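K.L.:
upload_3.cif is reproduced below (mmCIF, N, CA and C atoms).
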```
data_my_file
#
loop_
_atom_site.label_atom_id
_atom_site.label_comp_id
_atom_site.auth_asym_id
_atom_site.auth_seq_id
_atom_site.Cartn_x
_atom_site.Cartn_y
_atom_site.Cartn_z
N MET A 1050 11.16 12.82 -24.19
CA MET A 1050 9.88 12.30 -23.78
C MET A 1050 9.73 12.51 -22.27
N PRO A 1051 8.56 13.04 -21.82
CA PRO A 1051 8.38 13.28 -20.39
C PRO A 1051 8.26 11.98 -19.61
N ASN A 1052 8.78 12.01 -18.40
CA ASN A 1052 8.68 10.87 -17.50
C ASN A 1052 7.37 10.97 -16.75
N THR A 1053 6.52 9.96 -16.84
CA THR A 1053 5.22 9.98 -16.17
C THR A 1053 5.15 8.98 -15.04
N SER A 1054 6.28 8.61 -14.47
CA SER A 1054 6.32 7.67 -13.36
C SER A 1054 5.58 8.28 -12.16
N PRO A 1055 4.79 7.46 -11.42
CA PRO A 1055 4.10 7.98 -10.24
C PRO A 1055 5.04 8.56 -9.20
N ARG A 1056 6.33 8.19 -9.25
CA ARG A 1056 7.27 8.75 -8.28
C ARG A 1056 7.70 10.16 -8.65
N ASP A 1057 7.47 10.56 -9.88
CA ASP A 1057 7.80 11.92 -10.31
C ASP A 1057 6.55 12.78 -10.21
N PRO A 1058 6.57 13.82 -9.40
CA PRO A 1058 5.37 14.64 -9.22
C PRO A 1058 4.82 15.15 -10.55
N ARG A 1059 3.54 15.14 -10.66
CA ARG A 1059 2.86 15.62 -11.86
C ARG A 1059 2.21 16.98 -11.57
N GLY A 1060 2.76 17.68 -10.65
CA GLY A 1060 2.21 18.96 -10.23
C GLY A 1060 1.71 18.85 -8.81
N HIS A 1061 1.34 19.98 -8.25
CA HIS A 1061 0.84 19.97 -6.88
C HIS A 1061 0.05 21.24 -6.60
N ILE A 1062 -0.68 21.19 -5.51
CA ILE A 1062 -1.39 22.36 -5.00
C ILE A 1062 -1.21 22.37 -3.48
N LYS A 1063 -1.11 23.56 -2.93
CA LYS A 1063 -1.01 23.73 -1.47
C LYS A 1063 -2.22 24.55 -1.04
N ILE A 1064 -2.92 24.06 -0.03
CA ILE A 1064 -4.11 24.73 0.48
C ILE A 1064 -3.82 25.25 1.87
N ALA A 1065 -3.98 26.55 2.07
CA ALA A 1065 -3.83 27.15 3.39
C ALA A 1065 -5.14 26.94 4.15
N VAL A 1066 -5.05 26.45 5.38
CA VAL A 1066 -6.24 26.13 6.16
C VAL A 1066 -6.25 26.93 7.46
N SER A 1067 -7.46 27.19 7.98
CA SER A 1067 -7.57 28.01 9.18
C SER A 1067 -7.23 27.24 10.45
N ASP A 1068 -7.44 25.93 10.46
CA ASP A 1068 -7.14 25.10 11.63
C ASP A 1068 -6.53 23.80 11.11
N PHE A 1069 -5.21 23.69 11.22
CA PHE A 1069 -4.51 22.55 10.64
C PHE A 1069 -5.04 21.22 11.18
N ASN A 1070 -5.21 21.10 12.48
CA ASN A 1070 -5.63 19.81 13.06
C ASN A 1070 -6.99 19.37 12.53
N THR A 1071 -7.95 20.28 12.48
CA THR A 1071 -9.28 19.95 11.95
C THR A 1071 -9.18 19.55 10.48
N SER A 1072 -8.46 20.32 9.71
CA SER A 1072 -8.33 20.02 8.28
C SER A 1072 -7.56 18.74 8.04
N TYR A 1073 -6.55 18.47 8.86
CA TYR A 1073 -5.79 17.24 8.70
C TYR A 1073 -6.71 16.03 8.85
N LEU A 1074 -7.52 16.02 9.89
CA LEU A 1074 -8.43 14.89 10.11
C LEU A 1074 -9.41 14.73 8.95
N PHE A 1075 -9.85 15.83 8.40
CA PHE A 1075 -10.77 15.79 7.25
C PHE A 1075 -10.07 15.25 6.01
N TYR A 1076 -8.97 15.88 5.63
CA TYR A 1076 -8.30 15.51 4.38
C TYR A 1076 -7.65 14.13 4.45
N ALA A 1077 -7.12 13.73 5.59
CA ALA A 1077 -6.47 12.42 5.68
C ALA A 1077 -7.44 11.31 5.30
N ASP A 1078 -8.67 11.38 5.79
CA ASP A 1078 -9.67 10.36 5.46
C ASP A 1078 -10.12 10.45 4.01
N ILE A 1079 -10.30 11.66 3.51
CA ILE A 1079 -10.73 11.84 2.11
C ILE A 1079 -9.64 11.29 1.19
N PHE A 1080 -8.39 11.64 1.45
CA PHE A 1080 -7.31 11.17 0.59
C PHE A 1080 -7.12 9.66 0.69
N GLU A 1081 -7.28 9.10 1.88
CA GLU A 1081 -7.20 7.65 2.01
C GLU A 1081 -8.29 6.99 1.16
N GLY A 1082 -9.49 7.55 1.20
CA GLY A 1082 -10.59 7.02 0.39
C GLY A 1082 -10.31 7.08 -1.10
N LEU A 1083 -9.49 8.03 -1.51
CA LEU A 1083 -9.12 8.17 -2.92
C LEU A 1083 -7.89 7.33 -3.30
N GLY A 1084 -7.27 6.71 -2.32
CA GLY A 1084 -6.08 5.91 -2.59
C GLY A 1084 -4.80 6.72 -2.64
N TYR A 1085 -4.82 7.95 -2.10
CA TYR A 1085 -3.61 8.75 -2.03
C TYR A 1085 -2.73 8.23 -0.91
N ARG A 1086 -1.42 8.45 -1.01
CA ARG A 1086 -0.51 8.08 0.07
C ARG A 1086 0.04 9.35 0.71
N GLN A 1087 0.17 9.30 2.01
CA GLN A 1087 0.73 10.46 2.71
C GLN A 1087 2.23 10.48 2.49
N VAL A 1088 2.77 11.63 2.09
CA VAL A 1088 4.19 11.75 1.80
C VAL A 1088 4.92 12.66 2.77
N SER A 1089 4.18 13.44 3.56
CA SER A 1089 4.81 14.29 4.57
C SER A 1089 3.82 14.60 5.67
N ASN A 1090 4.35 14.89 6.86
CA ASN A 1090 3.52 15.27 7.99
C ASN A 1090 4.40 16.01 8.99
N LYS A 1091 4.19 17.30 9.10
CA LYS A 1091 4.92 18.13 10.05
C LYS A 1091 3.91 18.68 11.05
N ASP A 1092 4.36 19.55 11.95
CA ASP A 1092 3.47 20.10 12.97
C ASP A 1092 2.31 20.89 12.39
N ASP A 1093 2.55 21.61 11.31
CA ASP A 1093 1.51 22.50 10.79
C ASP A 1093 1.30 22.34 9.29
N ARG A 1094 1.73 21.20 8.71
CA ARG A 1094 1.56 20.94 7.28
C ARG A 1094 1.67 19.45 7.01
N ALA A 1095 0.98 19.01 5.97
CA ALA A 1095 1.03 17.60 5.57
C ALA A 1095 0.77 17.53 4.08
N GLY A 1096 1.25 16.45 3.47
CA GLY A 1096 1.08 16.30 2.03
C GLY A 1096 0.76 14.87 1.64
N TRP A 1097 0.05 14.74 0.52
CA TRP A 1097 -0.34 13.45 -0.03
C TRP A 1097 -0.04 13.45 -1.52
N ALA A 1098 0.07 12.24 -2.08
CA ALA A 1098 0.26 12.09 -3.52
C ALA A 1098 -0.79 11.13 -4.06
N SER A 1099 -1.38 11.51 -5.17
CA SER A 1099 -2.36 10.65 -5.83
C SER A 1099 -1.65 9.45 -6.43
N PRO A 1100 -2.39 8.42 -6.83
CA PRO A 1100 -1.76 7.27 -7.48
C PRO A 1100 -0.96 7.67 -8.73
N ASP A 1101 -1.35 8.76 -9.39
CA ASP A 1101 -0.64 9.26 -10.57
C ASP A 1101 0.50 10.21 -10.22
N GLY A 1102 0.67 10.55 -8.94
CA GLY A 1102 1.77 11.40 -8.52
C GLY A 1102 1.44 12.87 -8.34
N TYR A 1103 0.15 13.25 -8.45
CA TYR A 1103 -0.22 14.65 -8.22
C TYR A 1103 -0.19 14.92 -6.72
N GLY A 1104 0.46 15.99 -6.30
CA GLY A 1104 0.60 16.30 -4.89
C GLY A 1104 -0.41 17.31 -4.39
N VAL A 1105 -0.93 17.06 -3.20
CA VAL A 1105 -1.83 18.00 -2.52
C VAL A 1105 -1.32 18.13 -1.10
N SER A 1106 -1.10 19.37 -0.68
CA SER A 1106 -0.68 19.58 0.70
C SER A 1106 -1.58 20.61 1.35
N ILE A 1107 -1.65 20.52 2.66
CA ILE A 1107 -2.36 21.52 3.45
C ILE A 1107 -1.36 22.10 4.44
N ALA A 1108 -1.56 23.36 4.79
CA ALA A 1108 -0.67 24.02 5.75
C ALA A 1108 -1.46 25.06 6.53
N GLN A 1109 -1.08 25.24 7.77
CA GLN A 1109 -1.71 26.26 8.60
C GLN A 1109 -1.54 27.62 7.95
N ALA A 1110 -2.64 28.34 7.79
CA ALA A 1110 -2.60 29.68 7.21
C ALA A 1110 -1.93 30.65 8.18
N ASP A 1111 -1.19 31.60 7.62
CA ASP A 1111 -0.59 32.65 8.45
C ASP A 1111 -1.66 33.61 8.98
N ILE A 1112 -2.74 33.75 8.23
CA ILE A 1112 -3.86 34.61 8.63
C ILE A 1112 -5.10 33.71 8.72
N PRO A 1113 -5.28 33.00 9.84
CA PRO A 1113 -6.32 31.97 9.91
C PRO A 1113 -7.76 32.49 9.90
N ASP A 1114 -7.96 33.77 10.16
CA ASP A 1114 -9.34 34.28 10.20
C ASP A 1114 -9.76 34.96 8.90
N TYR A 1115 -9.02 34.74 7.83
CA TYR A 1115 -9.37 35.30 6.53
C TYR A 1115 -10.25 34.28 5.81
N PRO A 1116 -11.55 34.56 5.66
CA PRO A 1116 -12.46 33.53 5.14
C PRO A 1116 -12.36 33.30 3.63
N TYR A 1117 -12.54 32.06 3.25
CA TYR A 1117 -12.63 31.68 1.84
C TYR A 1117 -14.00 32.12 1.32
N LYS A 1118 -14.04 32.67 0.13
CA LYS A 1118 -15.31 33.10 -0.48
C LYS A 1118 -15.42 32.46 -1.85
N PHE A 1119 -16.39 31.57 -1.97
CA PHE A 1119 -16.62 30.86 -3.23
C PHE A 1119 -16.96 31.85 -4.34
N SER A 1120 -16.35 31.68 -5.47
CA SER A 1120 -16.53 32.50 -6.68
C SER A 1120 -15.91 33.88 -6.60
N ALA A 1121 -15.18 34.19 -5.52
CA ALA A 1121 -14.38 35.41 -5.48
C ALA A 1121 -13.10 35.12 -6.25
N PRO A 1122 -12.32 36.12 -6.57
CA PRO A 1122 -11.04 35.83 -7.23
C PRO A 1122 -10.24 34.84 -6.39
N GLY A 1123 -9.65 33.90 -7.07
CA GLY A 1123 -8.91 32.83 -6.40
C GLY A 1123 -9.45 31.48 -6.79
N LEU A 1124 -9.24 30.51 -5.96
CA LEU A 1124 -9.66 29.14 -6.24
C LEU A 1124 -11.18 29.03 -6.28
N HIS A 1125 -11.70 28.52 -7.39
CA HIS A 1125 -13.14 28.26 -7.50
C HIS A 1125 -13.48 26.92 -6.85
N HIS A 1126 -12.82 25.86 -7.30
CA HIS A 1126 -12.94 24.55 -6.66
C HIS A 1126 -11.76 23.69 -7.09
N LEU A 1127 -11.53 22.64 -6.33
CA LEU A 1127 -10.47 21.69 -6.62
C LEU A 1127 -11.09 20.36 -6.96
N CYS A 1128 -10.78 19.83 -8.14
CA CYS A 1128 -11.27 18.53 -8.56
C CYS A 1128 -10.19 17.48 -8.32
N LEU A 1129 -10.57 16.41 -7.65
CA LEU A 1129 -9.69 15.28 -7.41
C LEU A 1129 -10.27 14.10 -8.19
N LYS A 1130 -9.46 13.50 -9.05
CA LYS A 1130 -9.95 12.45 -9.94
C LYS A 1130 -9.99 11.12 -9.21
N ALA A 1131 -11.11 10.41 -9.39
CA ALA A 1131 -11.29 9.08 -8.84
C ALA A 1131 -11.15 8.05 -9.96
N ASP A 1132 -10.76 6.83 -9.59
CA ASP A 1132 -10.59 5.77 -10.58
C ASP A 1132 -11.87 5.00 -10.87
N SER A 1133 -12.95 5.28 -10.13
CA SER A 1133 -14.20 4.57 -10.36
C SER A 1133 -15.37 5.33 -9.73
N ILE A 1134 -16.56 4.96 -10.17
CA ILE A 1134 -17.79 5.51 -9.57
C ILE A 1134 -17.86 5.10 -8.10
N GLU A 1135 -17.43 3.88 -7.79
CA GLU A 1135 -17.48 3.40 -6.42
C GLU A 1135 -16.62 4.25 -5.49
N ILE A 1136 -15.50 4.73 -5.98
CA ILE A 1136 -14.65 5.60 -5.16
C ILE A 1136 -15.33 6.94 -4.93
N VAL A 1137 -15.99 7.48 -5.94
CA VAL A 1137 -16.75 8.73 -5.76
C VAL A 1137 -17.79 8.53 -4.66
N ASP A 1138 -18.51 7.42 -4.72
CA ASP A 1138 -19.53 7.14 -3.71
C ASP A 1138 -18.91 6.95 -2.32
N ARG A 1139 -17.74 6.31 -2.25
CA ARG A 1139 -17.06 6.12 -0.97
C ARG A 1139 -16.67 7.46 -0.36
N VAL A 1140 -16.13 8.35 -1.18
CA VAL A 1140 -15.73 9.66 -0.68
C VAL A 1140 -16.95 10.47 -0.25
N TYR A 1141 -18.05 10.33 -0.98
CA TYR A 1141 -19.30 10.99 -0.59
C TYR A 1141 -19.71 10.54 0.81
N LYS A 1142 -19.65 9.25 1.08
CA LYS A 1142 -20.02 8.74 2.41
C LYS A 1142 -19.07 9.29 3.48
N LEU A 1143 -17.78 9.37 3.16
CA LEU A 1143 -16.82 9.96 4.11
C LEU A 1143 -17.16 11.42 4.38
N ALA A 1144 -17.50 12.16 3.35
CA ALA A 1144 -17.87 13.58 3.52
C ALA A 1144 -19.10 13.71 4.40
N LEU A 1145 -20.08 12.83 4.20
CA LEU A 1145 -21.28 12.84 5.04
C LEU A 1145 -20.93 12.54 6.50
N GLU A 1146 -20.06 11.55 6.71
CA GLU A 1146 -19.65 11.21 8.07
C GLU A 1146 -18.95 12.37 8.76
N LYS A 1147 -18.30 13.22 7.99
CA LYS A 1147 -17.58 14.37 8.54
C LYS A 1147 -18.46 15.62 8.62
N ASP A 1148 -19.76 15.44 8.31
CA ASP A 1148 -20.72 16.56 8.33
C ASP A 1148 -20.31 17.69 7.40
N ALA A 1149 -19.65 17.34 6.29
CA ALA A 1149 -19.26 18.34 5.30
C ALA A 1149 -20.51 18.86 4.59
N HIS A 1150 -20.47 20.12 4.22
CA HIS A 1150 -21.56 20.66 3.40
C HIS A 1150 -21.49 20.01 2.03
N ILE A 1151 -22.60 19.42 1.59
CA ILE A 1151 -22.68 18.79 0.28
C ILE A 1151 -23.33 19.78 -0.68
N PHE A 1152 -22.60 20.18 -1.71
CA PHE A 1152 -23.17 21.05 -2.74
C PHE A 1152 -24.05 20.24 -3.68
N ASP A 1153 -23.53 19.11 -4.15
CA ASP A 1153 -24.26 18.22 -5.05
C ASP A 1153 -23.87 16.79 -4.74
N ALA A 1154 -24.87 15.94 -4.45
CA ALA A 1154 -24.63 14.52 -4.21
C ALA A 1154 -24.12 13.87 -5.50
N PRO A 1155 -23.53 12.69 -5.38
CA PRO A 1155 -22.99 12.04 -6.58
C PRO A 1155 -24.06 11.86 -7.66
N GLN A 1156 -23.66 12.21 -8.88
CA GLN A 1156 -24.55 12.06 -10.02
C GLN A 1156 -23.76 12.12 -11.31
N LYS A 1157 -24.42 11.72 -12.38
CA LYS A 1157 -23.79 11.79 -13.70
C LYS A 1157 -23.90 13.20 -14.25
N TYR A 1158 -22.90 13.59 -15.02
CA TYR A 1158 -22.87 14.88 -15.70
C TYR A 1158 -22.60 14.62 -17.18
N PRO A 1159 -23.61 14.14 -17.93
CA PRO A 1159 -23.40 13.78 -19.34
C PRO A 1159 -23.06 14.98 -20.21
N ASN A 1160 -23.32 16.19 -19.73
CA ASN A 1160 -22.94 17.37 -20.51
C ASN A 1160 -21.42 17.57 -20.51
N TYR A 1161 -20.68 16.93 -19.56
CA TYR A 1161 -19.21 16.99 -19.55
C TYR A 1161 -18.64 15.88 -20.43
N THR A 1162 -18.91 14.62 -20.05
CA THR A 1162 -18.55 13.45 -20.87
C THR A 1162 -19.59 12.37 -20.59
N ASP A 1163 -19.60 11.34 -21.41
CA ASP A 1163 -20.59 10.27 -21.24
C ASP A 1163 -20.48 9.56 -19.90
N LYS A 1164 -19.28 9.47 -19.34
CA LYS A 1164 -19.13 8.74 -18.08
C LYS A 1164 -18.80 9.63 -16.88
N TYR A 1165 -18.91 10.95 -17.02
CA TYR A 1165 -18.56 11.86 -15.93
C TYR A 1165 -19.53 11.66 -14.77
N TYR A 1166 -18.98 11.41 -13.58
CA TYR A 1166 -19.77 11.16 -12.37
C TYR A 1166 -19.03 11.85 -11.24
N ALA A 1167 -19.71 12.70 -10.49
CA ALA A 1167 -19.00 13.52 -9.50
C ALA A 1167 -19.85 13.85 -8.29
N VAL A 1168 -19.17 14.21 -7.22
CA VAL A 1168 -19.77 14.74 -6.01
C VAL A 1168 -19.05 16.05 -5.70
N PHE A 1169 -19.78 17.03 -5.17
CA PHE A 1169 -19.22 18.33 -4.79
C PHE A 1169 -19.53 18.57 -3.32
N PHE A 1170 -18.50 18.93 -2.54
CA PHE A 1170 -18.68 19.18 -1.11
C PHE A 1170 -17.63 20.18 -0.64
N ALA A 1171 -17.77 20.64 0.60
CA ALA A 1171 -16.86 21.66 1.15
C ALA A 1171 -15.94 21.06 2.20
N ASP A 1172 -14.71 21.59 2.22
CA ASP A 1172 -13.78 21.21 3.29
C ASP A 1172 -14.13 22.04 4.54
N PRO A 1173 -13.43 21.86 5.67
CA PRO A 1173 -13.78 22.61 6.88
C PRO A 1173 -13.74 24.13 6.74
N ASP A 1174 -13.00 24.66 5.76
CA ASP A 1174 -12.97 26.11 5.55
C ASP A 1174 -13.97 26.56 4.50
N GLY A 1175 -14.76 25.65 3.98
CA GLY A 1175 -15.75 26.00 2.97
C GLY A 1175 -15.23 25.92 1.54
N ILE A 1176 -13.99 25.49 1.34
CA ILE A 1176 -13.44 25.38 0.00
C ILE A 1176 -14.17 24.25 -0.73
N LYS A 1177 -14.64 24.57 -1.93
CA LYS A 1177 -15.40 23.59 -2.69
C LYS A 1177 -14.47 22.56 -3.31
N LEU A 1178 -14.79 21.27 -3.04
CA LEU A 1178 -14.02 20.16 -3.56
C LEU A 1178 -14.93 19.34 -4.47
N GLU A 1179 -14.36 18.78 -5.49
CA GLU A 1179 -15.07 17.86 -6.37
C GLU A 1179 -14.26 16.57 -6.43
N VAL A 1180 -14.95 15.45 -6.35
CA VAL A 1180 -14.32 14.15 -6.62
C VAL A 1180 -15.08 13.60 -7.80
N ALA A 1181 -14.34 13.31 -8.89
CA ALA A 1181 -14.98 12.94 -10.15
C ALA A 1181 -14.32 11.73 -10.79
N TYR A 1182 -15.16 10.92 -11.41
CA TYR A 1182 -14.71 9.83 -12.27
C TYR A 1182 -15.08 10.22 -13.69
N TYR A 1183 -14.10 10.15 -14.58
CA TYR A 1183 -14.36 10.46 -15.99
C TYR A 1183 -13.32 9.83 -16.88
#
```
Can you turn what I pasted into C-alpha cells?

P.N.:
Amino acid sequence: MPNTSPRDPRGHIKIAVSDFNTSYLFYADIFEGLGYRQVSNKDDRAGWASPDGYGVSIAQADIPDYPYKFSAPGLHHLCLKADSIEIVDRVYKLALEKDAHIFDAPQKYPNYTDKYYAVFFADPDGIKLEVAYY
C-alpha cells in the first residue's frame, strides 16, 4: 500500500526562471496564500511543499533570455490545487497585487466538474498558472 503521508513527496516540478529574485518574491507570496511551506532556499533556487506533499521549486535558468511561449511544445500551464473557493480568491488578489497578467478571473467551470472554480494568471516569465478548487 502506498504511503500518502504529507512528509513523503507526492511528486514535484521544477521551474526554471529568468530572474530568481523576482520570481522568488512572486512565488513565495502565492505559495503562502495556498498554505504551502517553504522547504528549501539557496542563492539561486527555492522549494515549497503543498499541504499534500507535492513539491514545487524554482531555480535560476542557465539561459535566462530564452522566452517561455504559451502553447509551444513544453509546459502548457501548471495547476495548483486549492482547498477552497476562498483560497482561489485570495491567490487572485495576490496576483493582482503583483501586477500579474490575469488570463481569466476566478469563476466556475461546470464543464469540468460541478464545483470546479479557478483563476488563471501568469508568473513573471509569462508561464501560465492555474489555482483551482475542485

K.L.:
Identify, on the basis of all atoms listed in the file, every residue whose closest approach to His1061 (chain A) does not exceed 6.5 Å; exclude the query and any residue fewer than 5 positions from it along the same chain; express the result as an mmCIF file with N, CA and C atoms, in the coordinates of the input.

P.N.:
```
data_model
loop_
_atom_site.group_PDB
_atom_site.id
_atom_site.type_symbol
_atom_site.label_atom_id
_atom_site.label_comp_id
_atom_site.auth_asym_id
_atom_site.auth_seq_id
_atom_site.Cartn_x
_atom_site.Cartn_y
_atom_site.Cartn_z
ATOM 1 N N TYR A 1103 0.150 13.250 -8.450
ATOM 2 C CA TYR A 1103 -0.220 14.650 -8.220
ATOM 3 C C TYR A 1103 -0.190 14.920 -6.720
ATOM 4 N N GLY A 1104 0.460 15.990 -6.300
ATOM 5 C CA GLY A 1104 0.600 16.300 -4.890
ATOM 6 C C GLY A 1104 -0.410 17.310 -4.390
ATOM 7 N N VAL A 1105 -0.930 17.060 -3.200
ATOM 8 C CA VAL A 1105 -1.830 18.000 -2.520
ATOM 9 C C VAL A 1105 -1.320 18.130 -1.100
ATOM 10 N N SER A 1106 -1.100 19.370 -0.680
ATOM 11 C CA SER A 1106 -0.680 19.580 0.700
ATOM 12 C C SER A 1106 -1.580 20.610 1.350
#
```

K.L.:
Between region 1050-1112 of chain A and region 1119-1142 of chain A, at 6.5 Å or less, what are the per-residue closest atom pairs and their distances in Å? Count only N, CA and C atoms, order by chain and rising residue number, and return it as a Markdown table.

P.N.:
```
| residue | atom | partner | partner_atom | distance |
| --- | --- | --- | --- | --- |
| A:Ile1079 | CA | A:Val1140 | CA | 6.1 |
| A:Gly1082 | CA | A:Val1140 | CA | 5.9 |
| A:Leu1083 | CA | A:Ala1131 | CA | 6.4 |
```

K.L.:
Identify, on the basis of all atoms listed in the file, every residue whose closest approach to Asp1114 (chain A) does not exceed 8 Å; exclude the query and any residue fewer than 4 positions from it along the same chain; express the result as an MDAnalysis selection string.

P.N.:
chainID A and resid 1066:1068 1110

K.L.:
Would you return as a list in words the members of chain A that DSSP assigns to alpha helix (DSSP H) on this structure's backbone?

P.N.:
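Put together, the selection reads Phe1069, Asn1070, Thr1071, Ser1072, Tyr1073, Leu1074, Phe1075, Tyr1076, Ala1077, Asp1078, Ile1079, Phe1080, Glu1081, Gly1082, Leu1083, Ile1134, Glu1135, Ile1136, Val1137, Asp1138, Arg1139, Val1140, Tyr1141, Lys1142, Leu1143, Ala1144, Leu1145 and Glu1146 of chain A.
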
K.L.:
Have a look at A:Asp1101, A:Lys1157, A:Asp1148, A:Ser1072 and name the one nearest to Gly1084 (chain A); count only N, CA and C atoms.

P.N.:
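With only N, CA and C atoms as the atom set, the closest residue is A:Asp1101.
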
K.L.:
Have a look at CA of Ala1108 (chain A) and CA of Ile1151 (chain A) and let me know their distance in Å, one decimal.

P.N.:
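According to the coordinates, CA of Ala1108 (chain A) and CA of Ile1151 (chain A) are separated by 23.3 Å.
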
K.L.:
For region 1152-1168 of chain A, take all atoms listed in the file, fit an axis-aligned box around them, add 6 Å to each of the six sides, then output centre and edge lengths in Å rounded to one decimal, as AutoDock Vina command-line options.

P.N.:
```
--center_x -21.7 --center_y 14.9 --center_z -11.6 --size_x 18.3 --size_y 24.3 --size_z 31.7
```

K.L.:
To test your reading of the syntax: which residues would the PyMOL selection byres ((chain A and resi 1095) around 6) return for the file shown? Reply as JSON, numbers by chain.

P.N.:
{"A": [1089, 1090, 1091, 1093, 1094, 1096, 1097, 1105, 1106, 1107, 1108]}

K.L.:
Please compute the atom C of Asp1078 (chain A)-CA of Asp1174 (chain A) distance, one decimal, in Å.

P.N.:
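Distance reported for this atom pair: 16.0 Å.
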
K.L.:
Can you tell me which residues surround Leu1178 (chain A) at a distance of at most 6 Å, considering only N, CA and C atoms, apart from same-chain residues fewer than 2 positions away, and format the answer as number ranges by chain?

P.N.:
A: 1126-1128, 1168-1172, 1176, 1180

K.L.:
Going by DSSP on the backbone, which bits of chain A are strand (DSSP E)? Write them as a ChimeraX atom specification, please.

P.N.:
/A:1061-1066,1086-1090,1094-1098,1104-1109,1127-1130,1151-1157,1166-1171,1177-1182
